[in-house]
>>> print(open('query.txt').read())   # compact mmCIF, C-alpha atoms
# COMPACT_ATOMS: atom_id res chain seq x y z
CA MET A 13 25.67 -24.49 17.21
CA ALA A 14 21.89 -24.46 16.82
CA PRO A 15 20.52 -21.91 14.35
CA SER A 16 18.99 -18.76 15.84
CA LEU A 17 15.58 -17.29 15.06
CA GLN A 18 17.36 -14.63 13.01
CA ASP A 19 19.05 -17.36 10.95
CA VAL A 20 15.69 -19.01 10.30
CA ALA A 21 14.12 -15.67 9.31
CA SER A 22 17.01 -14.96 6.93
CA LEU A 23 16.65 -18.36 5.28
CA LYS A 24 12.89 -17.86 4.86
CA ASP A 25 13.56 -14.48 3.28
CA LEU A 26 16.13 -16.06 0.96
CA VAL A 27 13.64 -18.75 -0.12
CA ASN A 28 10.99 -16.10 -0.83
CA GLN A 29 13.38 -14.00 -2.91
CA LEU A 30 14.64 -16.99 -4.90
CA GLN A 31 11.06 -18.14 -5.53
CA ASP A 32 10.18 -14.61 -6.67
CA ARG A 33 13.06 -14.69 -9.19
CA ILE A 34 12.04 -18.16 -10.42
CA ASN A 35 8.44 -17.02 -10.97
CA LYS A 36 9.58 -13.93 -12.90
CA ILE A 37 11.79 -16.04 -15.16
CA GLU A 38 9.02 -18.57 -15.75
CA ARG A 39 6.52 -15.81 -16.64
CA SER A 40 9.07 -14.28 -18.99
CA MET A 41 9.69 -17.63 -20.72
CA LYS A 42 5.98 -18.30 -21.15
CA GLY A 43 4.78 -14.94 -22.38
CA GLY A 44 7.84 -12.83 -22.98
CA SER A 45 6.01 -9.92 -21.39
CA GLU A 46 7.56 -9.81 -17.94
CA ASP A 47 9.49 -6.60 -17.31
CA MET A 48 12.83 -7.87 -16.04
CA THR A 49 14.55 -4.50 -15.78
CA GLY A 50 11.95 -1.94 -14.71
CA GLU A 51 11.37 -0.96 -11.10
CA ARG A 52 8.60 -2.81 -9.29
CA ILE A 53 6.76 -1.93 -6.10
CA ARG A 54 4.67 -3.97 -3.68
CA MET A 55 3.73 -1.87 -0.71
CA ILE A 56 1.25 -0.98 2.02
CA LEU A 57 0.45 2.72 2.50
CA MET A 58 -0.82 3.53 5.99
CA GLY A 59 -1.90 6.76 7.60
CA PRO A 60 -4.80 8.41 9.43
CA PRO A 61 -7.53 10.18 7.47
CA GLY A 62 -6.12 13.45 6.16
CA ALA A 63 -2.45 12.38 6.35
CA GLY A 64 -2.04 12.72 2.58
CA LYS A 65 -2.42 9.20 1.20
CA GLY A 66 -4.72 10.49 -1.53
CA THR A 67 -2.04 12.99 -2.58
CA GLN A 68 0.96 10.64 -2.49
CA ALA A 69 -0.54 7.37 -3.79
CA PRO A 70 -1.10 8.69 -7.37
CA LYS A 71 2.54 9.84 -7.48
CA ILE A 72 3.77 6.41 -6.40
CA LYS A 73 1.44 4.81 -8.94
CA GLU A 74 2.83 7.00 -11.73
CA LYS A 75 6.48 6.46 -10.76
CA PHE A 76 6.24 2.66 -10.75
CA CYS A 77 3.38 2.21 -13.28
CA ALA A 78 1.65 0.20 -10.56
CA CYS A 79 -1.97 -0.13 -9.46
CA HIS A 80 -3.42 1.73 -6.48
CA LEU A 81 -5.73 -0.66 -4.61
CA ALA A 82 -7.82 1.43 -2.23
CA THR A 83 -9.89 -1.29 -0.61
CA GLY A 84 -13.04 0.81 -0.25
CA ASP A 85 -13.03 1.68 -3.96
CA MET A 86 -12.16 -1.90 -4.87
CA LEU A 87 -15.07 -3.25 -2.82
CA ARG A 88 -17.54 -0.82 -4.39
CA SER A 89 -16.23 -1.66 -7.87
CA GLN A 90 -16.64 -5.42 -7.38
CA VAL A 91 -20.15 -4.96 -5.98
CA ALA A 92 -21.12 -2.71 -8.90
CA ALA A 93 -19.67 -5.18 -11.42
CA GLY A 94 -21.62 -8.05 -9.89
CA THR A 95 -18.60 -10.34 -9.54
CA PRO A 96 -18.98 -13.46 -7.36
CA LEU A 97 -16.87 -11.81 -4.66
CA GLY A 98 -18.81 -8.57 -5.03
CA LEU A 99 -22.16 -10.36 -4.72
CA ALA A 100 -20.95 -12.21 -1.63
CA ALA A 101 -19.78 -8.93 -0.08
CA LYS A 102 -23.05 -7.18 -0.96
CA LYS A 103 -25.09 -9.90 0.76
CA ILE A 104 -23.04 -9.54 3.94
CA MET A 105 -23.25 -5.73 3.91
CA ASN A 106 -27.02 -5.80 3.29
CA GLU A 107 -27.35 -7.96 6.39
CA GLY A 108 -25.34 -5.43 8.39
CA GLY A 109 -22.22 -7.60 8.66
CA LEU A 110 -18.54 -6.97 8.01
CA VAL A 111 -16.97 -8.29 4.83
CA SER A 112 -14.73 -11.23 5.74
CA ASP A 113 -10.96 -11.27 5.42
CA GLU A 114 -11.27 -14.11 2.91
CA ILE A 115 -13.40 -11.99 0.58
CA MET A 116 -11.09 -8.98 0.85
CA ILE A 117 -7.98 -11.10 0.23
CA GLY A 118 -9.82 -12.72 -2.69
CA MET A 119 -10.55 -9.30 -4.19
CA ILE A 120 -6.92 -8.23 -3.87
CA LYS A 121 -5.77 -11.49 -5.44
CA ASP A 122 -8.26 -11.02 -8.29
CA GLU A 123 -6.89 -7.53 -8.97
CA LEU A 124 -3.30 -8.78 -8.99
CA GLU A 125 -4.19 -11.54 -11.45
CA ASN A 126 -6.53 -9.64 -13.79
CA ASN A 127 -5.80 -5.92 -13.53
CA MET A 128 -3.12 -5.06 -16.11
CA GLU A 129 -2.11 -2.02 -14.06
CA CYS A 130 -0.90 -4.41 -11.34
CA ARG A 131 1.70 -6.11 -13.56
CA ASN A 132 4.43 -3.85 -12.20
CA GLY A 133 3.27 -3.92 -8.59
CA PHE A 134 0.69 -2.36 -6.29
CA ILE A 135 0.04 0.20 -3.58
CA LEU A 136 -2.41 -1.26 -1.08
CA ASP A 137 -4.38 1.41 0.81
CA GLY A 138 -6.82 0.61 3.64
CA PHE A 139 -5.78 -3.01 4.17
CA PRO A 140 -4.60 -4.76 6.29
CA ARG A 141 -6.11 -3.34 9.46
CA THR A 142 -5.33 -6.25 11.77
CA VAL A 143 -2.34 -8.52 12.33
CA LEU A 144 -4.40 -11.52 11.19
CA GLN A 145 -5.18 -9.71 7.90
CA ALA A 146 -1.50 -8.84 7.48
CA ASP A 147 -0.53 -12.48 7.98
CA ARG A 148 -3.16 -13.70 5.51
CA LEU A 149 -2.02 -11.12 2.97
CA ASP A 150 1.57 -12.34 3.32
CA SER A 151 0.41 -15.94 2.81
CA MET A 152 -1.50 -15.03 -0.36
CA LEU A 153 1.52 -13.17 -1.76
CA ALA A 154 3.88 -16.00 -0.80
CA ALA A 155 1.69 -18.44 -2.75
CA ARG A 156 2.31 -16.18 -5.77
CA GLY A 157 6.06 -16.12 -5.09
CA GLU A 158 5.87 -12.48 -3.99
CA ARG A 159 6.38 -10.45 -0.84
CA LEU A 160 5.94 -6.87 0.31
CA ASP A 161 8.76 -4.38 -0.24
CA HIS A 162 7.50 -1.62 2.04
CA ALA A 163 4.95 -0.80 4.71
CA ILE A 164 5.04 3.00 4.85
CA GLN A 165 3.13 4.98 7.44
CA LEU A 166 2.37 8.67 7.02
CA GLU A 167 2.64 10.08 10.55
CA ILE A 168 1.13 13.33 11.76
CA ASP A 169 -0.06 14.78 15.04
CA ASP A 170 -3.81 14.45 15.55
CA ALA A 171 -4.22 18.16 16.25
CA LEU A 172 -2.84 19.08 12.83
CA LEU A 173 -5.32 16.81 11.09
CA VAL A 174 -8.37 18.87 12.06
CA ALA A 175 -7.34 21.80 9.87
CA ARG A 176 -6.47 19.44 7.05
CA ILE A 177 -9.67 17.44 7.16
CA THR A 178 -12.06 20.38 7.32
CA GLY A 179 -10.51 21.81 4.15
CA ARG A 180 -10.22 18.58 2.21
CA LEU A 181 -11.72 18.26 -1.28
CA ILE A 182 -12.20 14.95 -3.11
CA HIS A 183 -12.61 13.94 -6.76
CA PRO A 184 -15.14 11.10 -6.33
CA SER A 185 -14.36 8.90 -9.34
CA SER A 186 -10.53 8.85 -8.98
CA GLY A 187 -10.06 9.45 -5.25
CA ARG A 188 -7.66 12.34 -5.90
CA SER A 189 -7.63 14.73 -2.96
CA TYR A 190 -6.93 18.43 -2.61
CA HIS A 191 -7.03 21.00 0.18
CA ARG A 192 -8.46 24.49 0.08
CA ILE A 193 -5.30 25.93 1.70
CA PHE A 194 -2.43 23.41 1.58
CA ASN A 195 -2.98 21.78 -1.83
CA PRO A 196 -5.65 23.72 -3.76
CA PRO A 197 -6.80 22.68 -7.25
CA LYS A 198 -5.72 24.86 -10.17
CA VAL A 199 -9.35 25.88 -10.72
CA ASN A 200 -11.55 26.33 -7.67
CA MET A 201 -13.57 23.16 -6.91
CA LYS A 202 -12.45 21.46 -10.17
CA ASP A 203 -10.28 18.36 -10.55
CA ASP A 204 -6.91 19.20 -12.17
CA VAL A 205 -7.00 16.18 -14.51
CA THR A 206 -10.63 15.92 -15.64
CA GLY A 207 -12.09 19.31 -14.76
CA GLU A 208 -14.95 17.52 -12.99
CA PRO A 209 -16.44 18.95 -9.77
CA LEU A 210 -14.82 18.26 -6.40
CA ILE A 211 -16.81 17.49 -3.26
CA GLN A 212 -16.33 17.73 0.49
CA ARG A 213 -17.31 14.60 2.40
CA SER A 214 -20.10 15.01 4.92
CA ASP A 215 -18.05 13.24 7.61
CA ASP A 216 -15.06 15.57 7.20
CA ASN A 217 -15.70 17.43 10.47
CA ALA A 218 -13.80 17.64 13.76
CA GLU A 219 -16.19 15.53 15.85
CA THR A 220 -16.31 12.64 13.38
CA LEU A 221 -12.55 12.89 12.85
CA LYS A 222 -11.76 12.34 16.53
CA LYS A 223 -13.77 9.12 16.53
CA ARG A 224 -12.10 7.92 13.32
CA LEU A 225 -8.64 8.71 14.72
CA GLY A 226 -9.35 6.74 17.89
CA THR A 227 -10.31 3.73 15.79
CA TYR A 228 -7.32 4.19 13.50
CA HIS A 229 -4.76 4.27 16.32
CA ALA A 230 -6.28 1.25 18.08
CA GLN A 231 -6.19 -0.78 14.85
CA THR A 232 -2.88 0.41 13.44
CA ALA A 233 -0.48 0.00 16.39
CA PRO A 234 -0.39 -3.84 16.25
CA VAL A 235 -0.08 -3.82 12.43
CA VAL A 236 2.83 -1.37 12.64
CA GLY A 237 4.49 -3.72 15.14
CA TYR A 238 3.98 -6.63 12.73
CA TYR A 239 5.71 -4.85 9.86
CA LYS A 240 8.47 -3.49 12.10
CA ASN A 241 9.28 -7.08 13.01
CA LYS A 242 9.40 -7.86 9.27
CA GLY A 243 11.91 -5.06 8.81
CA ILE A 244 9.91 -3.25 6.09
CA TRP A 245 8.14 -0.50 8.08
CA ARG A 246 9.13 3.12 7.58
CA GLY A 247 7.54 6.22 9.10
CA ILE A 248 7.26 9.46 7.12
CA ASP A 249 6.63 12.89 8.68
CA ALA A 250 3.38 13.85 6.95
CA SER A 251 3.20 17.28 8.60
CA GLN A 252 5.59 18.54 5.90
CA GLU A 253 4.30 20.12 2.70
CA PRO A 254 3.36 17.52 0.04
CA GLY A 255 6.52 18.02 -2.04
CA GLN A 256 8.76 17.30 0.94
CA VAL A 257 6.71 14.23 1.87
CA TRP A 258 7.21 12.95 -1.68
CA LYS A 259 10.97 13.53 -1.37
CA SER A 260 10.97 11.51 1.86
CA LEU A 261 9.13 8.69 0.09
CA LEU A 262 11.67 8.71 -2.73
CA ASP A 263 14.45 8.45 -0.14
CA VAL A 264 12.83 5.28 1.23
CA PHE A 265 12.48 3.78 -2.26
CA ASN A 266 16.08 4.65 -3.17
CA GLU A 267 17.34 3.24 0.12
CA LYS A 268 15.67 -0.08 -0.68
CA LYS A 269 17.07 -0.09 -4.22
CA GLN A 270 20.62 0.51 -2.99
CA GLN A 271 20.52 -2.25 -0.38
CA PRO A 272 22.01 -5.59 -1.42
CA SER A 273 19.32 -8.25 -1.48
CA THR A 274 19.17 -10.78 1.33
CA ALA A 275 19.76 -13.50 -1.23
CA SER A 276 22.97 -11.86 -2.43
CA SER A 277 24.17 -11.32 1.12
CA VAL A 278 23.52 -14.91 2.17
CA LEU A 279 25.13 -16.36 -0.95
CA ALA A 280 28.16 -14.10 -0.49
CA SER A 281 28.50 -15.34 3.09
CA VAL A 282 28.39 -18.93 1.88
CA ARG A 283 31.12 -18.25 -0.68
CA LEU A 284 33.32 -16.63 1.96
CA ALA A 285 32.78 -19.54 4.33
CA LYS A 286 34.02 -21.94 1.64
CA GLN A 287 37.24 -20.01 1.04
>>> encode(input="query.txt", output="structure tokens")
Amino acid sequence: MAPSLQDVASLKDLVNQLQDRINKIERSMKGGSEDMTGERIRMILMGPPGAGKGTQAPKIKEKFCACHLATGDMLRSQVAAGTPLGLAAKKIMNEGGLVSDEIMIGMIKDELENNMECRNGFILDGFPRTVLQADRLDSMLAARGERLDHAIQLEIDDALLVARITGRLIHPSSGRSYHRIFNPPKVNMKDDVTGEPLIQRSDDNAETLKKRLGTYHAQTAPVVGYYKNKGIWRGIDASQEPGQVWKSLLDVFNEKKQQPSTASSVLASVRLAKQ
């Protein structure tokens, strides 16, 4: 009987997992620094503006000792540092153009290779925004012997976002976010960690938000479909209070940890077939 598309997908997944294990072992043999026992995370965090990504991403980063790659911050950092990718991006932006997918993928790859915080994984925030970007990201990771574990979307009704956005406060240098009502800082208008002043973005108003939400929904729907087909998408109800959202995220992470790997399942099937 000819193999089905599901069989082919399972075999591809098996190859990726085995290659990932080989790369980990090779890195461990070369440098002895690869963490073979600690939890790792490689994930996309999606959600409309005000859904709570700025609240949840630092918690995920702390739990897994991973890097948080917010693409806007990453782009500004590379431009400020004058890296080749940053200079190329700056030239395009000065001419009024959009930074290419190749440059953005290159920046992510550079972070994964050179940012020590990324040794145990990453939370990618703000990218990909198109199916083509998602496919190119997968190709870059596959070349490194890696693949995404999760694509998590924080879901919330648009009407609820207006109240959230108009009360949102931001710590500019870290990206940490607060809310005047739902998640206030310990000291009014001061960051909990550094004590530095918080700001409210000028575009955090209802009219601008509606335009941003329209763009978000148009861009995100195809990307969600892409990751659903990959079997790694999960939706989280972001209308809950932040502590409950975090609990829902932990449930997703624990669910993944408890699942037998595709490699183990396929190899077990092979053993049974031989008996």
>>> atom_distance(input="query.txt", atom1="CA of Arg188 in chain A", atom2="CA of Thr67 in chain A")
6.6 Å
>>> residues_around(input="query.txt", residues="Met58 in chain A", least_positions_apart="6", cutoff="7 Å", atoms="all atoms listed in the file", output="list in words")
Asp137, Ile164, Gln165 and Leu166 of chain A
>>> residues_near_point(input="query.txt", point="(10.3, 7.6, -5.5)", cutoff="9 Å", atoms="only C-alpha atoms", output="list in words")
Lys71, Ile72, Lys75, Phe76, Trp258, Lys259, Ser260, Leu261, Leu262, Asp263, Val264, Phe265 and Asn266 of chain A
>>> write_last_selection(input="query.txt", atoms="C-alpha atoms", output="mmCIF file, in the frame of the given file")
data_model
loop_
_atom_site.group_PDB
_atom_site.id
_atom_site.type_symbol
_atom_site.label_atom_id
_atom_site.label_comp_id
_atom_site.auth_asym_id
_atom_site.auth_seq_id
_atom_site.Cartn_x
_atom_site.Cartn_y
_atom_site.Cartn_z
ATOM 1 C CA LYS A 71 2.540 9.840 -7.480
ATOM 2 C CA ILE A 72 3.770 6.410 -6.400
ATOM 3 C CA LYS A 75 6.480 6.460 -10.760
ATOM 4 C CA PHE A 76 6.240 2.660 -10.750
ATOM 5 C CA TRP A 258 7.210 12.950 -1.680
ATOM 6 C CA LYS A 259 10.970 13.530 -1.370
ATOM 7 C CA SER A 260 10.970 11.510 1.860
ATOM 8 C CA LEU A 261 9.130 8.690 0.090
ATOM 9 C CA LEU A 262 11.670 8.710 -2.730
ATOM 10 C CA ASP A 263 14.450 8.450 -0.140
ATOM 11 C CA VAL A 264 12.830 5.280 1.230
ATOM 12 C CA PHE A 265 12.480 3.780 -2.260
ATOM 13 C CA ASN A 266 16.080 4.650 -3.170
#
>>> atom_distance(input="query.txt", atom1="CA of Gly179 in chain A", atom2="CA of Ile211 in chain A")
10.6 Å
>>> closest_residue(input="query.txt", among="A:Asp203, A:Asp85, A:Asp161, A:Glu74", to="Leu181 in chain A", atoms="only C-alpha atoms")
A:Asp203
>>> atom_distance(input="query.txt", atom1="CA of Val143 in chain A", atom2="CA of Val235 in chain A")
5.2 Å
>>> axis_aligned_box(input="query.txt", around="range 73-90 of chain A", padding_each_side="3 Å", output="AutoDock Vina command-line options")
--center_x -5.5 --center_y 0.8 --center_z -6.8 --size_x 30.0 --size_y 18.4 --size_z 19.0
>>> residues_around(input="query.txt", residues="Met201 in chain A", least_positions_apart="2", cutoff="9 Å", atoms="all atoms listed in the file", output="ChimeraX atom specification")
/A:181,192,196-199,203,207-211
>>> residues_around(input="query.txt", residues="Cys77 in chain A", least_positions_apart="3", cutoff="8 Å", atoms="all atoms listed in the file", output="JSON, numbers by chain")
{"A": [73, 74, 129, 132, 133]}
>>> closest_residue(input="query.txt", among="A:Ile53, A:Ala171, A:Ile120, A:Met105", to="Gly138 in chain A", atoms="all atoms listed in the file")
A:Ile120
>>> closest_residue(input="query.txt", among="A:Gly255, A:Pro61, A:Pro70, A:Gly237", to="Asp216 in chain A", atoms="all atoms listed in the file")
A:Pro61
>>> residues_around(input="query.txt", residues="Arg180 in chain A", least_positions_apart="2", cutoff="9 Å", atoms="all atoms listed in the file", output="PyMOL selection string")
chain A and resi 62+175-178+182+189-193+195+211-213+216
